[in-house]
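Undergrad: The structure under discussion is supplied below as structure tokens; questions concerning it will follow.
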Amino acid sequence: MSFIVAIDGPAGSGKGTVTKLVAEKLGFITIDTGAMYRCVTVEALNKNIKPTEDEKIEEMMNKISIEMKNQDGNQKVFLNGKDVTKEIRTSNIDKNVSAFSALPIVRNKITPMQREMGQNENVIMEGRDIGTVVFPNANVKIYLDASDEEIAKRRYKQNIERGMKVTYKQVLEDIKRRNEYDLHREIAPLKQAEDAIYIDSTNLTIDEVVEKIIGIIKEKAN
Ligand code: DC
């Protein structure tokens with residue numbers, strides 16, 4: 001038996017941080033599904049494949065191997081056996097990932113991989129379509145939201161801490177563009193599931209969001 005928590009929401013809503021903390025406290029495993037679409041993007045860019053090149057993408061998807069491993073409490077991501085944990089977070093991948101993640105050929109391959117990863121595990125899976133498409137029967141569904149400006153503020157701070165050279169304006173524009181794209185794509189768009197609990201994190205601290213989610217999970221588990 002597995003207990004599945006789905007956390008969906010826009011880029012920068014705090015899903016990643018919150019998921020990690022909730023999982024640590026409850027002993028669940030986490031799966032960051034965005035990392036998988038980021039791997040696809042790294043591979044396509046390495047191979048010089050464009051989002052419009054259906055056949056090449058299909059061939060690439062038939063061969064791709066993506067693994068998530070927990071090492072010392074951190075999730076490491078391996079693409080065809082190579083550690084790409086850092087590489088998948090660069091701004092070049094940020095810019096290109098929406099276009100690749102919107103492709104049916106890509107999603108038809110990645111969605112079953114995610115279902116497989118969640119089998120027989122107590123898992124918190126975070127992404128855009130977990131409660132709507134990947135696990136419509138998840139035990140708990142959360143939709144975590146925040147304003148674009150708050151998201152950009154957090155992402156800007158994170159990028160500066162990582163030593164990246166960016167301006168707040170660039171970050172805000174990128175966040176707006178990416179979230180707009182994810183909300184309006186045809187296949188598996190970012191959408192709150194009807195039975196998801198909505199949390200707006202704009203004016204909440206990380207700890208407050210974590211406590212709220214743990215409360216919801218505990219209530220459902222009893
Ligand atoms: O969560 P993230 O920013 O790492 O996600 C990267 C991209 O992947 C995001 O722009 C949309 C896409 N994505 C998706 O389409 N479905 C998911 N379940 C997770 C991410």
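Lettering and numbering for the structure tokens are positional, with chains as A, B, ... in the shown order, residues counted from 1 in each chain, and ligands counted from 1 in the shown order.
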Taking only C-alpha atoms and all ligand atoms into account, report as a tab-separated table (two decimals) with C-alpha atoms, in the first residue's frame which residues have an atom no farther than 6 Å from an atom of ligand 1.
TA:
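To be explicit, this is the file written out as out_22.tsv:
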chain	number	residue	atom	x	y	z
A	11	ALA	CA	7.33	27.55	-10.85
A	33	THR	CA	8.89	15.62	-11.57
A	34	GLY	CA	10.10	18.92	-13.05
A	35	ALA	CA	13.63	17.51	-12.84
A	37	TYR	CA	11.43	17.35	-17.90
A	38	ARG	CA	14.64	19.25	-17.26
A	97	VAL	CA	12.08	23.40	-20.59
A	98	SER	CA	8.49	24.59	-21.14
A	101	SER	CA	7.60	19.54	-21.50
A	127	GLY	CA	4.91	19.08	-10.35
A	128	ARG	CA	2.15	20.59	-12.48
A	129	ASP	CA	-0.18	17.70	-13.33
A	130	ILE	CA	0.30	15.21	-10.50
A	178	ARG	CA	7.12	30.09	-18.08
A	182	ASP	CA	2.54	25.97	-18.42
Undergrad: So that I can see what lies close to Ile206 of chain A, please list as a list in words the residues with an atom at most 9 Å from it, counting only C-alpha atoms and leaving out residues fewer than 4 positions away in the same chain.
TA: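 The residues that qualify are Gly14, Thr17, Val18, Ser201, Val210 and Glu211 of chain A.
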Undergrad: In terms of the shortest atom-to-atom distance over only C-alpha atoms, which of A:Arg155, A:Lys212, A:Lys191, A:Lys141 is closest to Pro10 of chain A?
TA: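 Nearest to Pro10 of chain A: A:Lys191.
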Undergrad: Show me, as a PDB file with C-alpha atoms, in the first residue's frame, the residues that have an atom within 12 Å of Gly131 of chain A when counting only C-alpha atoms, minus same-chain residues fewer than 4 positions from it.
TA:
ATOM      1  CA  ILE A   4       0.488   9.498  -2.290  1.00  0.00           C
ATOM      2  CA  VAL A   5       0.630  13.238  -1.783  1.00  0.00           C
ATOM      3  CA  ALA A   6       0.431  15.360  -4.938  1.00  0.00           C
ATOM      4  CA  ILE A   7       1.706  18.928  -4.780  1.00  0.00           C
ATOM      5  CA  ASP A   8       1.132  21.016  -7.881  1.00  0.00           C
ATOM      6  CA  GLY A   9       1.652  24.698  -8.555  1.00  0.00           C
ATOM      7  CA  ARG A 115       3.474   6.352 -11.943  1.00  0.00           C
ATOM      8  CA  ILE A 124       5.257  13.262  -2.122  1.00  0.00           C
ATOM      9  CA  MET A 125       5.349  13.986  -5.801  1.00  0.00           C
ATOM     10  CA  GLU A 126       5.544  17.595  -6.925  1.00  0.00           C
ATOM     11  CA  GLY A 127       4.913  19.084 -10.346  1.00  0.00           C
ATOM     12  CA  PHE A 135      -2.168  10.379  -9.768  1.00  0.00           C
ATOM     13  CA  PRO A 136      -5.812  11.469 -10.018  1.00  0.00           C
ATOM     14  CA  ASN A 137      -6.493   9.179  -7.033  1.00  0.00           C
ATOM     15  CA  ALA A 138      -3.754  10.631  -4.803  1.00  0.00           C
ATOM     16  CA  ASN A 139      -4.615  10.487  -1.081  1.00  0.00           C
ATOM     17  CA  VAL A 140      -3.872  14.183  -0.632  1.00  0.00           C
ATOM     18  CA  LYS A 141      -3.749  16.900  -3.284  1.00  0.00           C
ATOM     19  CA  ILE A 142      -2.358  20.349  -2.658  1.00  0.00           C
ATOM     20  CA  TYR A 143      -2.245  23.280  -5.072  1.00  0.00           C
ATOM     21  CA  LEU A 144       0.465  25.652  -3.903  1.00  0.00           C
ATOM     22  CA  ALA A 188      -1.707  18.436 -19.030  1.00  0.00           C
ATOM     23  CA  PRO A 189      -1.688  22.186 -18.296  1.00  0.00           C
ATOM     24  CA  LEU A 190      -1.024  23.485 -14.820  1.00  0.00           C
ATOM     25  CA  LYS A 191      -4.457  23.334 -13.217  1.00  0.00           C
ATOM     26  CA  GLN A 192      -5.844  22.905  -9.748  1.00  0.00           C
ATOM     27  CA  ALA A 193      -7.546  19.513  -9.398  1.00  0.00           C
ATOM     28  CA  GLU A 194     -11.162  19.859  -8.250  1.00  0.00           C
ATOM     29  CA  ASP A 195     -10.414  18.041  -5.030  1.00  0.00           C
ATOM     30  CA  ALA A 196      -7.083  19.787  -4.323  1.00  0.00           C
ATOM     31  CA  ILE A 197      -6.632  22.040  -1.324  1.00  0.00           C
TER      32      ILE A 197
END
Undergrad: Suppose you want the space between atom CA of Tyr181 of chain A and atom CA of Asp148 of chain A; what is it in Å?
TA: 13.6 Å
Undergrad: Closest to Asn179 of chain A among A:Glu58, A:Glu219, A:Glu208, A:Asp94, using only C-alpha atoms?
TA: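 Among A:Glu58, A:Glu219, A:Glu208, A:Asp94, it is A:Asp94 that comes nearest to Asn179 of chain A.
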Undergrad: What's the 10 Å shell around Tyr168 of chain A, counting only C-alpha atoms, without same-chain residues fewer than 4 positions away, as a ChimeraX atom specification?
TA: /A:149,152-157,159-160,172-174
Undergrad: So what do you get for atom CA of Thr52 of chain A versus atom CA of Glu87 of chain A, distance-wise?
TA: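 Spanning atom CA of Thr52 of chain A to atom CA of Glu87 of chain A is a straight-line distance of 23.1 Å.
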Undergrad: For the atom pair atom CA of Leu103 of chain A and atom CA of Val84 of chain A, what is the interatomic distance in Å to one decimal place?
TA: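 Between atom CA of Leu103 of chain A and atom CA of Val84 of chain A the gap works out to 21.8 Å.
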Undergrad: When distances are computed from only C-alpha atoms, which of A:Asn74, A:Thr41, A:Ser147, A:Asn46 shows the smallest separation from Val106 of chain A?
TA: A:Thr41
Undergrad: Show me, as a list in words, the residues that have an atom within 12 Å of Met113 of chain A when counting only C-alpha atoms, minus same-chain residues fewer than 3 positions from it.
TA: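 Residues meeting the cut-off are Ile31, Thr33, Met36, Tyr37, Met61, Ile64, Ser65, Ile66, Glu67, Met68, Val106, Arg107, Asn108, Lys109, Ile110, Glu116, Met117, Gly118, Gln119 and Val134 of chain A.
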Undergrad: Do you know which residues are at most 10 Å from Leu45 of chain A counting only C-alpha atoms, after dropping those on the same chain fewer than 5 positions away, and could you put them as number ranges by chain?
TA: A: 39-40, 50-51, 92-93, 96
Undergrad: Generate a file of the selected residues that holds N, CA and C atoms, formatted as an mmCIF file, in the first residue's frame.
TA:
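Produced file part16.cif, reproduced below:
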data_model
loop_
_atom_site.group_PDB
_atom_site.id
_atom_site.type_symbol
_atom_site.label_atom_id
_atom_site.label_comp_id
_atom_site.auth_asym_id
_atom_site.auth_seq_id
_atom_site.Cartn_x
_atom_site.Cartn_y
_atom_site.Cartn_z
ATOM 1 N N CYS A 39 15.696 17.050 -17.492
ATOM 2 C CA CYS A 39 16.637 16.083 -18.083
ATOM 3 C C CYS A 39 16.381 15.940 -19.587
ATOM 4 N N VAL A 40 15.109 15.849 -19.945
ATOM 5 C CA VAL A 40 14.753 15.727 -21.360
ATOM 6 C C VAL A 40 15.311 16.933 -22.126
ATOM 7 N N LYS A 50 15.454 20.166 -31.865
ATOM 8 C CA LYS A 50 14.478 21.243 -31.604
ATOM 9 C C LYS A 50 13.129 20.629 -31.201
ATOM 10 N N PRO A 51 12.301 21.419 -30.471
ATOM 11 C CA PRO A 51 11.001 20.875 -30.041
ATOM 12 C C PRO A 51 10.095 20.488 -31.212
ATOM 13 N N ASN A 92 19.594 28.476 -19.015
ATOM 14 C CA ASN A 92 19.333 27.992 -20.371
ATOM 15 C C ASN A 92 18.272 26.882 -20.355
ATOM 16 N N ILE A 93 18.335 26.050 -19.344
ATOM 17 C CA ILE A 93 17.325 24.982 -19.215
ATOM 18 C C ILE A 93 15.983 25.603 -18.788
ATOM 19 N N ASN A 96 14.249 26.830 -21.862
ATOM 20 C CA ASN A 96 13.822 25.875 -22.893
ATOM 21 C C ASN A 96 12.887 24.771 -22.418
#
Undergrad: Just the alpha helix (DSSP H) stuff from segment 1-207 of chain A, please, per backbone DSSP, written as a ChimeraX atom specification.
TA: /A:15-26,33-46,54-63,91-101,104-117,148-161,168-184,206-207
Undergrad: Determine the nearest neighbour of Lys86 of chain A from the options A:Val123, A:Ile49, A:Val42, A:Ala23, counting only C-alpha atoms.
TA: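 Among the listed residues, A:Val42 lies closest to Lys86 of chain A.
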Undergrad: Using only C-alpha atoms, can you tell me which of A:Ala221, A:Leu183, A:Ile105, A:Met60 comes closest to Asn80 of chain A?
TA: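 The shortest atom-to-atom distance to Asn80 of chain A comes from A:Met60.
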Undergrad: Excluding Ile151 of chain A and residues on its chain fewer than 5 positions from it, collect all residues at most 7 Å away from it, counting only C-alpha atoms, and give them as a PDB file with N, CA and C atoms, in the first residue's frame.
TA:
ATOM      1  N   GLY A  12       8.293  28.212  -8.732  1.00  0.00           N
ATOM      2  CA  GLY A  12       8.657  29.186  -7.710  1.00  0.00           C
ATOM      3  C   GLY A  12       7.667  29.340  -6.575  1.00  0.00           C
ATOM      4  N   SER A  13       6.616  28.519  -6.554  1.00  0.00           N
ATOM      5  CA  SER A  13       5.622  28.659  -5.476  1.00  0.00           C
ATOM      6  C   SER A  13       6.149  28.097  -4.156  1.00  0.00           C
ATOM      7  N   ALA A 146       1.475  31.283  -5.457  1.00  0.00           N
ATOM      8  CA  ALA A 146       2.059  32.523  -4.925  1.00  0.00           C
ATOM      9  C   ALA A 146       2.013  33.547  -6.051  1.00  0.00           C
TER      10      ALA A 146
END
